[in-house]
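Engineer: Dropping in my_file04.txt, with compact mmCIF, C-alpha atoms.
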```
# COMPACT_ATOMS: atom_id res chain seq x y z
CA MET A 1 -252.45 12.03 16.50
CA ARG A 2 -255.43 14.06 15.37
CA ASN A 3 -258.38 12.10 14.02
CA GLU A 4 -258.13 13.93 10.69
CA ASP A 5 -254.56 12.62 10.39
CA LEU A 6 -255.66 9.14 11.40
CA ILE A 7 -258.25 9.15 8.60
CA GLY A 8 -255.51 10.09 6.15
CA GLU A 9 -253.39 7.22 7.40
CA LEU A 10 -256.21 4.68 7.28
CA ALA A 11 -257.16 5.73 3.75
CA ALA A 12 -253.53 5.67 2.58
CA GLY A 13 -253.07 2.11 3.83
CA LEU A 14 -256.44 0.89 2.51
CA ARG A 15 -256.57 -2.61 1.07
CA PRO A 16 -259.55 -4.11 -0.77
CA VAL A 17 -261.55 -6.49 1.41
CA ARG A 18 -263.83 -9.40 0.55
CA ARG A 19 -267.30 -8.51 1.66
CA MET A 20 -268.60 -10.82 4.35
CA ALA A 21 -271.57 -13.08 3.52
CA ARG A 22 -274.95 -11.89 4.76
CA PRO A 23 -275.92 -13.06 8.24
CA GLY A 24 -278.67 -15.36 6.94
CA ARG A 25 -276.17 -17.09 4.70
CA GLN A 26 -273.65 -17.41 7.52
CA ALA A 27 -276.30 -18.96 9.77
CA GLY A 28 -277.25 -21.32 6.93
CA LEU A 29 -273.63 -22.35 6.52
CA TRP A 30 -273.29 -23.14 10.19
CA LEU A 31 -276.61 -25.00 10.25
CA ALA A 32 -275.44 -27.14 7.34
CA LEU A 33 -272.21 -27.92 9.18
CA ALA A 34 -274.11 -28.74 12.39
CA THR A 35 -276.58 -30.95 10.51
CA VAL A 36 -273.76 -32.90 8.87
CA ALA A 37 -271.86 -33.30 12.16
CA VAL A 38 -274.85 -34.28 14.30
CA GLY A 39 -276.39 -36.32 11.45
CA GLY A 40 -273.10 -38.18 11.14
CA ALA A 41 -273.14 -38.99 14.85
CA VAL A 42 -276.75 -40.23 14.58
CA ALA A 43 -275.80 -42.38 11.57
CA VAL A 44 -272.90 -43.91 13.50
CA HIS A 45 -275.05 -44.72 16.54
CA GLY A 46 -278.17 -45.72 14.59
CA LEU A 47 -281.69 -44.50 15.31
CA ARG A 48 -283.24 -45.66 18.56
CA HIS A 49 -285.34 -48.79 18.15
CA ASP A 50 -288.59 -47.15 19.23
CA MET A 51 -288.17 -44.22 16.88
CA ALA A 52 -291.24 -45.01 14.77
CA GLU A 53 -293.57 -45.17 17.79
CA ARG A 54 -292.07 -42.05 19.28
CA MET A 55 -292.65 -40.04 16.17
CA LEU A 56 -296.35 -40.89 16.36
CA LEU A 57 -296.67 -39.11 19.70
CA PRO A 58 -297.52 -35.44 19.07
CA GLN A 59 -295.77 -34.29 22.21
CA GLU A 60 -292.54 -36.05 21.24
CA VAL A 61 -292.66 -34.55 17.77
CA LEU A 62 -293.38 -31.10 19.20
CA GLN A 63 -290.51 -31.41 21.66
CA TRP A 64 -288.03 -32.51 19.04
CA THR A 65 -289.15 -29.88 16.53
CA ALA A 66 -288.96 -27.18 19.18
CA SER A 67 -285.35 -28.14 19.99
CA VAL A 68 -284.34 -28.02 16.31
CA VAL A 69 -286.13 -24.69 15.79
CA ALA A 70 -284.50 -23.28 18.95
CA GLY A 71 -281.08 -24.26 17.59
CA GLY A 72 -281.76 -22.81 14.15
CA THR A 73 -283.23 -19.55 15.41
CA ALA A 74 -280.42 -19.12 17.96
CA ALA A 75 -277.86 -19.52 15.15
CA LEU A 76 -279.68 -16.95 12.99
CA ALA A 77 -280.03 -14.54 15.91
CA ALA A 78 -276.31 -14.88 16.71
CA ALA A 79 -275.36 -14.10 13.10
CA MET A 80 -277.67 -11.06 13.07
CA LEU A 81 -276.43 -9.73 16.40
CA ALA A 82 -272.83 -10.04 15.22
CA ARG A 83 -273.53 -7.10 12.85
CA PRO A 84 -273.41 -3.69 14.46
CA ASP A 85 -276.49 -2.25 12.75
CA ARG A 86 -278.94 -5.11 13.35
CA SER A 87 -281.57 -4.69 16.03
CA ALA A 88 -280.80 -6.00 19.50
CA ARG A 89 -284.29 -7.50 19.47
CA TRP A 90 -282.99 -10.42 17.40
CA VAL A 91 -281.99 -11.90 20.74
CA LEU A 92 -285.69 -12.70 21.33
CA LEU A 93 -286.00 -14.87 18.21
CA PRO A 94 -285.13 -18.25 19.78
CA LEU A 95 -287.17 -17.59 22.93
CA PRO A 96 -290.58 -18.96 21.77
CA ALA A 97 -289.08 -22.27 20.62
CA LEU A 98 -286.97 -22.52 23.78
CA VAL A 99 -289.95 -21.85 26.02
CA LEU A 100 -292.06 -24.36 24.08
CA TRP A 101 -289.32 -26.97 24.32
CA PHE A 102 -288.77 -26.62 28.05
CA ALA A 103 -292.49 -26.28 28.75
CA SER A 104 -293.04 -29.51 26.86
CA LEU A 105 -290.32 -31.21 28.91
CA GLY A 106 -291.81 -29.83 32.10
CA TRP A 107 -295.23 -31.05 31.06
CA GLY A 108 -293.69 -34.46 30.36
CA CYS A 109 -292.24 -34.52 33.88
CA LEU A 110 -295.68 -33.88 35.34
CA ALA A 111 -297.26 -36.51 33.12
CA ASP A 112 -294.64 -39.07 34.23
CA LEU A 113 -295.28 -38.16 37.82
CA VAL A 114 -299.03 -38.74 37.44
CA ARG A 115 -298.59 -41.93 35.42
CA LEU A 116 -295.84 -43.62 37.43
CA GLY A 117 -295.98 -41.89 40.83
CA PRO A 118 -293.06 -40.23 42.62
CA MET A 119 -291.08 -43.48 42.77
CA GLY A 120 -291.58 -44.22 39.11
CA THR A 121 -289.36 -41.44 37.88
CA GLN A 122 -286.24 -41.89 39.90
CA ILE A 123 -283.43 -39.70 38.78
CA GLY A 124 -280.55 -41.65 37.44
CA THR A 125 -277.32 -40.61 35.86
CA SER A 126 -276.72 -40.28 32.16
CA TRP A 127 -273.17 -39.17 31.66
CA GLY A 128 -273.40 -40.36 28.05
CA CYS A 129 -275.84 -37.56 27.23
CA PHE A 130 -273.66 -35.09 28.99
CA LYS A 131 -270.50 -36.18 27.21
CA PHE A 132 -272.13 -36.25 23.79
CA ILE A 133 -273.58 -32.77 24.08
CA LEU A 134 -270.26 -31.38 25.28
CA ALA A 135 -267.99 -33.32 22.91
CA MET A 136 -270.08 -32.46 19.88
CA GLY A 137 -271.20 -29.04 21.08
CA ILE A 138 -267.83 -27.50 21.86
CA PRO A 139 -266.42 -27.85 18.32
CA LEU A 140 -269.72 -26.66 16.86
CA ALA A 141 -269.78 -23.65 19.15
CA GLY A 142 -266.12 -23.04 18.26
CA ALA A 143 -267.01 -23.05 14.54
CA GLN A 144 -269.84 -20.61 15.26
CA PHE A 145 -267.56 -18.23 17.15
CA TRP A 146 -264.91 -18.38 14.45
CA LEU A 147 -267.54 -17.61 11.81
CA LEU A 148 -268.85 -14.68 13.86
CA ARG A 149 -265.54 -13.48 15.26
CA HIS A 150 -266.24 -9.95 13.95
CA ALA A 151 -268.91 -9.69 16.68
CA GLY A 152 -266.19 -9.15 19.27
CA ALA A 153 -265.81 -5.49 18.38
CA VAL A 154 -269.44 -4.66 18.92
CA ARG A 155 -271.68 -7.19 20.67
CA PRO A 156 -269.73 -10.22 21.91
CA GLY A 157 -271.90 -11.22 24.89
CA PRO A 158 -275.21 -12.17 23.25
CA VAL A 159 -273.41 -13.78 20.32
CA LEU A 160 -271.45 -16.05 22.69
CA VAL A 161 -274.58 -17.09 24.58
CA LEU A 162 -276.66 -17.69 21.45
CA GLY A 163 -273.83 -19.53 19.70
CA GLY A 164 -273.44 -21.90 22.65
CA LEU A 165 -277.20 -22.33 22.85
CA ALA A 166 -277.55 -23.11 19.13
CA SER A 167 -274.84 -25.78 19.35
CA ALA A 168 -276.32 -27.31 22.50
CA ALA A 169 -279.86 -27.39 21.08
CA PHE A 170 -278.71 -29.14 17.91
CA CYS A 171 -276.71 -31.71 19.86
CA SER A 172 -279.64 -32.38 22.15
CA ALA A 173 -281.97 -32.84 19.17
CA GLY A 174 -279.48 -35.24 17.56
CA LEU A 175 -279.03 -37.14 20.79
CA SER A 176 -282.79 -37.64 21.13
CA LEU A 177 -282.74 -39.56 17.85
CA PHE A 178 -280.47 -42.34 19.05
CA HIS A 179 -280.37 -42.28 22.80
CA HIS A 180 -283.03 -43.74 25.12
CA LEU A 181 -284.11 -41.38 27.81
CA ASP A 182 -287.78 -41.91 28.38
CA ALA A 183 -288.34 -39.96 31.55
CA SER A 184 -288.78 -36.28 30.80
CA VAL A 185 -287.12 -35.37 34.05
CA MET A 186 -283.97 -37.16 32.89
CA ILE A 187 -284.00 -35.29 29.60
CA LEU A 188 -284.60 -32.02 31.39
CA LEU A 189 -281.82 -32.72 33.83
CA TRP A 190 -279.15 -34.18 31.57
CA HIS A 191 -279.88 -32.44 28.29
CA GLY A 192 -280.79 -29.19 30.02
CA GLY A 193 -277.78 -29.43 32.36
CA ALA A 194 -275.36 -30.15 29.51
CA MET A 195 -276.84 -27.31 27.49
CA ALA A 196 -276.46 -24.87 30.36
CA LEU A 197 -272.88 -26.02 30.86
CA LEU A 198 -272.10 -25.76 27.16
CA THR A 199 -273.57 -22.28 27.02
CA LEU A 200 -271.42 -21.32 30.01
CA LEU A 201 -268.34 -22.96 28.49
CA GLY A 202 -269.06 -21.20 25.20
CA TRP A 203 -269.10 -17.94 27.08
CA LEU A 204 -265.82 -18.69 28.85
CA LEU A 205 -263.92 -20.34 25.99
CA GLY A 206 -265.32 -18.07 23.31
CA ARG A 207 -264.21 -14.92 25.04
CA PRO A 208 -260.59 -15.11 23.86
CA VAL A 209 -261.84 -15.57 20.27
CA LEU A 210 -264.33 -12.73 20.31
CA TRP A 211 -263.15 -10.52 23.12
CA ARG A 212 -259.94 -9.42 21.61
CA ARG A 213 -259.15 -5.77 21.59
CA PRO A 214 -261.82 -4.29 19.40
CA VAL A 215 -259.34 -2.41 17.30
CA GLY A 216 -256.31 -3.63 15.47
CA ARG A 217 -253.71 -1.85 17.54
CA ALA A 218 -253.05 -0.79 21.08
CA THR A 219 -254.83 2.32 22.26
CA PRO A 220 -252.92 5.06 20.52
CA GLN A 221 -252.00 8.11 22.47
CA HIS A 222 -253.07 11.19 20.72
CA ARG A 223 -253.15 14.72 21.87
CA ASP A 224 -252.77 17.83 19.85
CA MET B 1 -278.14 15.61 4.50
CA THR B 2 -280.62 14.78 1.73
CA ARG B 3 -277.93 15.67 -0.79
CA THR B 4 -275.74 12.86 0.55
CA GLU B 5 -278.53 10.28 0.34
CA GLY B 6 -276.89 7.06 -0.77
CA GLU B 7 -273.54 8.79 -1.24
CA TRP B 8 -271.90 7.47 1.92
CA GLU B 9 -273.10 3.95 1.11
CA ALA B 10 -271.59 4.19 -2.35
CA TRP B 11 -268.30 5.49 -0.91
CA MET B 12 -268.13 2.60 1.55
CA ALA B 13 -268.87 0.06 -1.17
CA ALA B 14 -266.04 1.62 -3.21
CA ALA B 15 -263.78 1.57 -0.14
CA GLN B 16 -264.44 -2.16 0.28
CA ALA B 17 -263.15 -2.55 -3.27
CA GLY B 18 -260.01 -0.60 -2.31
CA ASP B 19 -260.89 2.98 -3.37
CA ALA B 20 -258.82 5.04 -0.91
CA ARG B 21 -260.25 8.41 -2.02
CA ALA B 22 -263.82 7.28 -1.46
CA TYR B 23 -262.82 5.94 1.95
CA ASP B 24 -261.09 9.18 2.90
CA ARG B 25 -264.15 11.15 1.80
CA LEU B 26 -266.52 8.93 3.74
CA LEU B 27 -264.57 9.06 7.00
CA ARG B 28 -264.12 12.84 6.77
CA ALA B 29 -267.82 13.30 6.02
CA ALA B 30 -268.76 11.01 8.91
CA LEU B 31 -266.35 12.60 11.40
CA PRO B 32 -268.80 15.29 12.66
CA LEU B 33 -271.45 12.59 13.19
CA LEU B 34 -269.00 10.41 15.13
CA ARG B 35 -267.87 13.40 17.19
CA ALA B 36 -271.46 14.34 18.00
CA ILE B 37 -272.20 10.79 19.19
CA ALA B 38 -269.06 10.62 21.33
CA ARG B 39 -269.63 14.07 22.83
CA ARG B 40 -273.22 13.19 23.66
CA ARG B 41 -271.95 10.30 25.78
CA ILE B 42 -268.65 11.67 27.10
CA GLN B 43 -268.28 15.11 28.63
CA ASN B 44 -264.48 15.24 28.59
CA ALA B 45 -263.52 16.51 25.13
CA ALA B 46 -260.18 14.67 24.93
CA GLU B 47 -261.75 11.43 26.08
CA ALA B 48 -264.55 11.84 23.51
CA GLU B 49 -261.95 12.41 20.80
CA ASP B 50 -260.23 9.18 21.90
CA ALA B 51 -263.56 7.37 21.56
CA VAL B 52 -263.88 8.75 18.03
CA GLN B 53 -260.42 7.42 17.30
CA ASP B 54 -261.41 3.99 18.62
CA ALA B 55 -264.54 4.15 16.46
CA LEU B 56 -262.50 5.00 13.34
CA LEU B 57 -260.19 2.05 13.99
CA THR B 58 -263.15 -0.29 14.57
CA ILE B 59 -264.83 0.95 11.38
CA HIS B 60 -261.59 0.18 9.58
CA THR B 61 -261.35 -3.32 11.09
CA LEU B 62 -265.01 -4.14 10.40
CA ARG B 63 -265.33 -2.55 6.97
CA HIS B 64 -265.78 -5.97 5.34
CA THR B 65 -268.91 -6.60 7.43
CA TYR B 66 -270.83 -3.65 5.99
CA GLU B 67 -273.62 -4.65 3.60
CA PRO B 68 -273.91 -1.92 0.90
CA GLU B 69 -277.63 -2.42 0.39
CA ARG B 70 -278.24 -1.30 3.96
CA PRO B 71 -278.00 2.33 5.16
CA ILE B 72 -274.56 3.05 6.57
CA ARG B 73 -275.49 5.59 9.26
CA PRO B 74 -276.96 3.06 11.74
CA TRP B 75 -273.83 0.95 11.19
CA LEU B 76 -271.51 3.88 11.95
CA VAL B 77 -273.64 5.07 14.86
CA ALA B 78 -273.75 1.60 16.47
CA ILE B 79 -269.95 1.26 16.28
CA CYS B 80 -269.31 4.73 17.67
CA GLU B 81 -271.84 4.29 20.48
CA ARG B 82 -270.13 1.02 21.42
CA ARG B 83 -266.66 2.55 21.55
CA ALA B 84 -267.91 5.53 23.55
CA ILE B 85 -269.55 3.20 26.08
CA ASP B 86 -266.32 1.16 26.29
CA ARG B 87 -264.38 4.35 27.02
CA LEU B 88 -266.83 5.34 29.72
CA ARG B 89 -266.63 1.90 31.31
CA ARG B 90 -262.85 1.86 31.27
CA HIS B 91 -262.84 5.35 32.68
CA GLY B 92 -265.33 4.33 35.34
CA ARG B 93 -263.24 1.33 36.37
CA ARG B 94 -260.10 3.43 36.52
CA GLY B 95 -261.94 6.14 38.41
CA GLY B 96 -263.08 3.59 40.96
CA ARG B 97 -259.50 2.53 41.72
CA GLU B 98 -257.77 5.88 41.69
CA THR B 99 -258.32 9.12 43.55
CA PRO B 100 -256.78 12.27 42.11
CA ILE B 101 -254.66 13.49 45.03
CA ASP B 102 -253.80 16.80 43.39
CA ASP B 103 -257.21 18.05 44.42
CA PHE B 104 -256.52 17.55 48.09
CA ARG B 105 -254.20 19.61 50.24
CA GLU B 106 -254.24 16.97 52.94
CA THR B 107 -253.64 13.36 52.02
CA LEU B 108 -253.09 11.77 55.44
CA ALA B 109 -255.41 11.61 58.40
CA SER B 110 -252.92 12.95 60.96
CA PRO B 111 -252.63 16.74 60.55
CA GLY B 112 -248.92 16.75 61.42
CA ALA B 113 -248.15 14.19 58.73
CA ASN B 114 -249.30 16.55 56.00
CA GLN B 115 -246.87 19.24 57.12
CA GLY B 116 -243.77 17.08 56.79
CA GLU B 117 -242.65 18.68 53.58
CA VAL B 118 -243.10 22.18 54.95
CA ARG B 119 -241.15 21.26 58.07
CA VAL B 120 -238.26 19.81 56.12
CA ALA B 121 -238.15 22.92 53.95
CA SER B 122 -238.13 25.30 56.91
CA ALA B 123 -235.41 23.26 58.67
CA GLU B 124 -233.28 23.52 55.55
CA LEU B 125 -233.90 27.24 55.36
CA ARG B 126 -232.93 27.71 59.00
CA ALA B 127 -229.71 25.75 58.49
CA ALA B 128 -228.89 27.84 55.42
CA VAL B 129 -229.53 31.11 57.25
CA ALA B 130 -227.30 29.91 60.12
CA GLU B 131 -224.41 29.56 57.68
CA LEU B 132 -224.58 33.24 56.66
CA SER B 133 -222.25 35.78 58.24
CA GLU B 134 -223.55 37.96 61.09
CA ALA B 135 -223.73 41.07 58.83
CA GLN B 136 -225.58 39.18 56.09
CA ARG B 137 -228.10 37.76 58.61
CA THR B 138 -228.79 41.19 60.01
CA ALA B 139 -229.13 42.79 56.60
CA LEU B 140 -231.48 40.02 55.43
CA GLY B 141 -233.61 40.26 58.57
CA LEU B 142 -234.08 44.00 58.33
CA ALA B 143 -234.31 44.53 54.60
CA LYS B 144 -236.24 41.41 53.54
CA LEU B 145 -238.10 40.01 56.57
CA GLU B 146 -239.07 43.26 58.25
CA ASP B 147 -239.13 45.00 54.90
CA LEU B 148 -237.69 48.25 56.30
CA PRO B 149 -236.58 51.09 54.04
CA LEU B 150 -232.79 51.03 53.55
CA ALA B 151 -232.29 54.29 55.53
CA GLU B 152 -234.11 52.91 58.56
CA ALA B 153 -232.35 49.56 58.32
CA SER B 154 -229.06 51.43 58.15
CA ALA B 155 -229.96 53.42 61.28
CA ARG B 156 -231.04 50.29 63.16
CA SER B 157 -228.03 48.17 62.23
CA GLY B 158 -225.35 50.82 62.14
CA MET B 159 -224.30 49.58 58.68
CA SER B 160 -224.01 51.94 55.75
CA VAL B 161 -226.69 51.78 53.03
CA GLY B 162 -224.10 50.48 50.55
CA ALA B 163 -222.91 47.79 52.96
CA LEU B 164 -226.53 46.75 53.63
CA LYS B 165 -227.23 46.46 49.91
CA VAL B 166 -224.15 44.31 49.35
CA ALA B 167 -224.80 42.14 52.41
CA THR B 168 -228.46 41.57 51.44
CA HIS B 169 -227.51 40.73 47.89
CA ARG B 170 -224.81 38.30 49.01
CA ALA B 171 -227.12 36.72 51.58
CA MET B 172 -229.82 36.13 48.96
CA LYS B 173 -227.28 34.70 46.55
CA ALA B 174 -225.85 32.38 49.21
CA LEU B 175 -229.33 31.16 50.17
CA ARG B 176 -230.34 30.58 46.58
CA LYS B 177 -227.19 28.57 46.00
CA ARG B 178 -227.57 26.59 49.18
CA LEU B 179 -231.24 25.75 48.55
CA GLY B 180 -230.63 24.72 44.99
CA ALA B 181 -232.47 27.61 43.32
CA GLU B 182 -229.32 28.61 41.52
CA ASP B 183 -226.37 26.55 40.35
```
Could you render the structure as structure tokens?
Structural biologist:
Amino acid sequence: MRNEDLIGELAAGLRPVRRMARPGRQAGLWLALATVAVGGAVAVHGLRHDMAERMLLPQEVLQWTASVVAGGTAALAAAMLARPDRSARWVLLPLPALVLWFASLGWGCLADLVRLGPMGTQIGTSWGCFKFILAMGIPLAGAQFWLLRHAGAVRPGPVLVLGGLASAAFCSAGLSLFHHLDASVMILLWHGGAMALLTLLGWLLGRPVLWRRPVGRATPQHRD
Amino acid sequence: MTRTEGEWEAWMAAAQAGDARAYDRLLRAALPLLRAIARRRIQNAAEAEDAVQDALLTIHTLRHTYEPERPIRPWLVAICERRAIDRLRRHGRRGGRETPIDDFRETLASPGANQGEVRVASAELRAAVAELSEAQRTALGLAKLEDLPLAEASARSGMSVGALKVATHRAMKALRKRLGAED
């Protein structure tokens, strides 16, 4: 089929469509959903008993704020990148908060090491953290991918990574509100590990949602 | 181009509302742009045209994601670039797995192996020639293989010119029939 004929066909079969919400609004919608979901989990578990003291420590506040900002900016960047005409540079938006967050955790590890010595910060297991981030993060990432499923035709890769990252960052921030993990190395290991896994899972599980054939029908054969 | 400032955007906004004429106009107006993008990326004209087709179908699928307050050209360009790159990648992958054998006279390492077809054909020809009558074989050898003038062939074979003509004609007909060139 010639492309001129295809245009005729597409125009002849045209149906009105509902314009998609702007990316900022889509990100806001997802953030509201994530806040309700994670907030609900925090409400069920109850805030950790030392919450008030923790929130007086600037480093703790910085760390927590950085994780929330990383989640929010990753969600906004994903929504932007899902549109064909938005700049690819949006992918850089969550980087400062992410770097700040992990630098703060790394700094915490060093501080623990100095304060308690090498034996003071033994690495334990915290499967609870892992499970929470995955159990809460997978549905949230799924919601993100469904909301941004139009990205599949143009830029699926970065949207999958950022969507997974946004979900993981929010879950980690929520988890910090009710779960006791004092040693920074533990947070780095278990929160960071779960986030990396969730981002990877998002990539793998999100592919079928986003990575469908970019066009609505099989590759048509056309030759004049 | 300045004349169409804002026109394409308005057409797309109308198309989102279901205006088929505006949509038709937009896609036809954008077609040269899409073709230029595809041709810049893909050398093969047919392949580039396929990429344009993919781009048109993607534009159709994604038309609800266009925001009318934003310029439409970057949106169209990004989609077409993407489809052209996809085509190139698919082509590259396919090209990596397949080798076009038509370009090569020899396909196997052993020289004898590549002559199999020729050998089979010549064996068939020999068998077909063996089935001809003595007179037909002689006439064919002189008139067609040695390409002698009829008078000389007649002198060499002792057959009359008329008999040579008939024998050559019959021999050719028999061979054609035998080798499947004629039903």
Engineer: Quick check: residues of chain A within 7 Å of chain B, only C-alpha atoms, returned as a list in words.
Structural biologist: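 Every residue of chain A that passes the 7 Å test is in Asn3, Ile7, Gly8, Ala11, Ala12, Leu14, Arg15, Pro16, Val17, Arg18, Arg19, Met20, Pro84, Asp85, His150, Ala153, Val154, Pro214, Val215 and Gly216 of chain A.
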Engineer: For a cut-off of 6 Å around (-265.1, -13.9, 24.3), file coordinates, pick out all residues using all atoms listed in the file and list them as a list in words.
Structural biologist: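 Those residues lying close to the given coordinates are Gly206, Arg207, Pro208, Val209, Leu210 and Trp211 of chain A.
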Engineer: Got a sec: who's within 7 Å of stretch 128-133 of chain A, counting all atoms listed in the file, leaving out chain neighbours fewer than 3 positions off, as a PDB file with C-alpha atoms, in the frame of the given file?
Structural biologist:
```pdb
ATOM      1  CA  MET A 136    -270.080 -32.460  19.880  1.00  0.00           C
ATOM      2  CA  GLY A 137    -271.200 -29.040  21.080  1.00  0.00           C
ATOM      3  CA  ALA A 168    -276.320 -27.310  22.500  1.00  0.00           C
ATOM      4  CA  CYS A 171    -276.710 -31.710  19.860  1.00  0.00           C
ATOM      5  CA  SER A 172    -279.640 -32.380  22.150  1.00  0.00           C
ATOM      6  CA  TRP A 190    -279.150 -34.180  31.570  1.00  0.00           C
ATOM      7  CA  HIS A 191    -279.880 -32.440  28.290  1.00  0.00           C
ATOM      8  CA  ALA A 194    -275.360 -30.150  29.510  1.00  0.00           C
TER       9      ALA A 194
END
```
Engineer: List as a list of chain:residue names the residues having at least one atom at most 7 Å from position (-278.1, -19.2, 19.6) as given in the file, counting only C-alpha atoms.
Structural biologist: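 Returned residue set, sorted by chain then number, is A:Gly71, A:Thr73, A:Ala74, A:Ala75, A:Ala77, A:Ala78, A:Val161, A:Leu162, A:Gly163, A:Gly164, A:Leu165, A:Ala166.
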Engineer: Let me make sure I understand: among A:Arg83, A:Leu197, A:Ala103, A:Pro156, which one has the smallest atom-to-atom distance to A:Ala21 if we use only C-alpha atoms?
Structural biologist: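 Using only C-alpha atoms, A:Ala21 sits closest to A:Arg83.
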Engineer: Could you work out how far atom CA of A:Leu100 lies from atom CA of A:Gly24, giving the answer in Å with one decimal?
Structural biologist: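 Value for the atom CA of A:Gly24-atom CA of A:Leu100 distance: 23.5 Å.
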Engineer: When you draw a straight line from atom CA of A:Leu95 to atom CA of A:Gln63, how long is it in Å?
Structural biologist: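 These atoms are spaced 14.3 Å apart.
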Engineer: I'd like to know which of B:Ala174, B:Glu69, B:Thr168, B:Ala123 is closest to B:Trp8, using all atoms listed in the file.
Structural biologist: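 Of B:Ala174, B:Glu69, B:Thr168, B:Ala123, the one nearest B:Trp8, counting all atoms listed in the file, is B:Glu69.
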Engineer: Measure the distance from atom CA of A:Phe145 to atom CA of A:Trp90 in Å and round it to one decimal.
Structural biologist: 17.3 Å
Engineer: Emit as JSON the padded axis-aligned box for all listed atoms of stretch 21-35 of chain A, 3 Å per side, with centre and edge lengths in Å to one decimal.
Structural biologist:
```
{"center_x": -275.1, "center_y": -21.4, "center_z": 8.0, "size_x": 13.1, "size_y": 25.1, "size_z": 14.9}
```
Engineer: Output stretch 55-70 of chain B with N, CA and C atoms present, as an mmCIF file, in the coordinates of the input.
Structural biologist:
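Result file is out11.cif:
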```
data_model
loop_
_atom_site.group_PDB
_atom_site.id
_atom_site.type_symbol
_atom_site.label_atom_id
_atom_site.label_comp_id
_atom_site.auth_asym_id
_atom_site.auth_seq_id
_atom_site.Cartn_x
_atom_site.Cartn_y
_atom_site.Cartn_z
ATOM 1 N N ALA B 55 -263.465 4.459 17.415
ATOM 2 C CA ALA B 55 -264.540 4.150 16.460
ATOM 3 C C ALA B 55 -263.981 4.080 15.043
ATOM 4 N N LEU B 56 -263.096 5.007 14.693
ATOM 5 C CA LEU B 56 -262.500 5.000 13.340
ATOM 6 C C LEU B 56 -261.733 3.698 13.105
ATOM 7 N N LEU B 57 -260.977 3.282 14.134
ATOM 8 C CA LEU B 57 -260.190 2.050 13.990
ATOM 9 C C LEU B 57 -261.102 0.826 13.891
ATOM 10 N N THR B 58 -262.211 0.835 14.650
ATOM 11 C CA THR B 58 -263.150 -0.290 14.570
ATOM 12 C C THR B 58 -263.829 -0.321 13.193
ATOM 13 N N ILE B 59 -264.216 0.864 12.707
ATOM 14 C CA ILE B 59 -264.830 0.950 11.380
ATOM 15 C C ILE B 59 -263.869 0.349 10.350
ATOM 16 N N HIS B 60 -262.595 0.676 10.508
ATOM 17 C CA HIS B 60 -261.590 0.180 9.580
ATOM 18 C C HIS B 60 -261.489 -1.355 9.662
ATOM 19 N N THR B 61 -261.480 -1.861 10.897
ATOM 20 C CA THR B 61 -261.350 -3.320 11.090
ATOM 21 C C THR B 61 -262.588 -4.058 10.584
ATOM 22 N N LEU B 62 -263.749 -3.438 10.730
ATOM 23 C CA LEU B 62 -265.010 -4.140 10.400
ATOM 24 C C LEU B 62 -265.544 -3.778 9.017
ATOM 25 N N ARG B 63 -264.744 -3.072 8.205
ATOM 26 C CA ARG B 63 -265.330 -2.550 6.970
ATOM 27 C C ARG B 63 -265.835 -3.647 6.037
ATOM 28 N N HIS B 64 -265.304 -4.876 6.198
ATOM 29 C CA HIS B 64 -265.780 -5.970 5.340
ATOM 30 C C HIS B 64 -267.147 -6.500 5.766
ATOM 31 N N THR B 65 -267.618 -6.094 6.964
ATOM 32 C CA THR B 65 -268.910 -6.600 7.430
ATOM 33 C C THR B 65 -270.070 -5.704 6.997
ATOM 34 N N TYR B 66 -269.749 -4.550 6.411
ATOM 35 C CA TYR B 66 -270.830 -3.650 5.990
ATOM 36 C C TYR B 66 -271.517 -4.188 4.740
ATOM 37 N N GLU B 67 -272.850 -4.171 4.766
ATOM 38 C CA GLU B 67 -273.620 -4.650 3.600
ATOM 39 C C GLU B 67 -274.126 -3.421 2.839
ATOM 40 N N PRO B 68 -273.633 -3.175 1.620
ATOM 41 C CA PRO B 68 -273.910 -1.920 0.900
ATOM 42 C C PRO B 68 -275.389 -1.660 0.634
ATOM 43 N N GLU B 69 -276.206 -2.677 0.642
ATOM 44 C CA GLU B 69 -277.630 -2.420 0.390
ATOM 45 C C GLU B 69 -278.344 -1.860 1.617
ATOM 46 N N ARG B 70 -277.643 -1.847 2.738
ATOM 47 C CA ARG B 70 -278.240 -1.300 3.960
ATOM 48 C C ARG B 70 -277.697 0.096 4.225
#
```
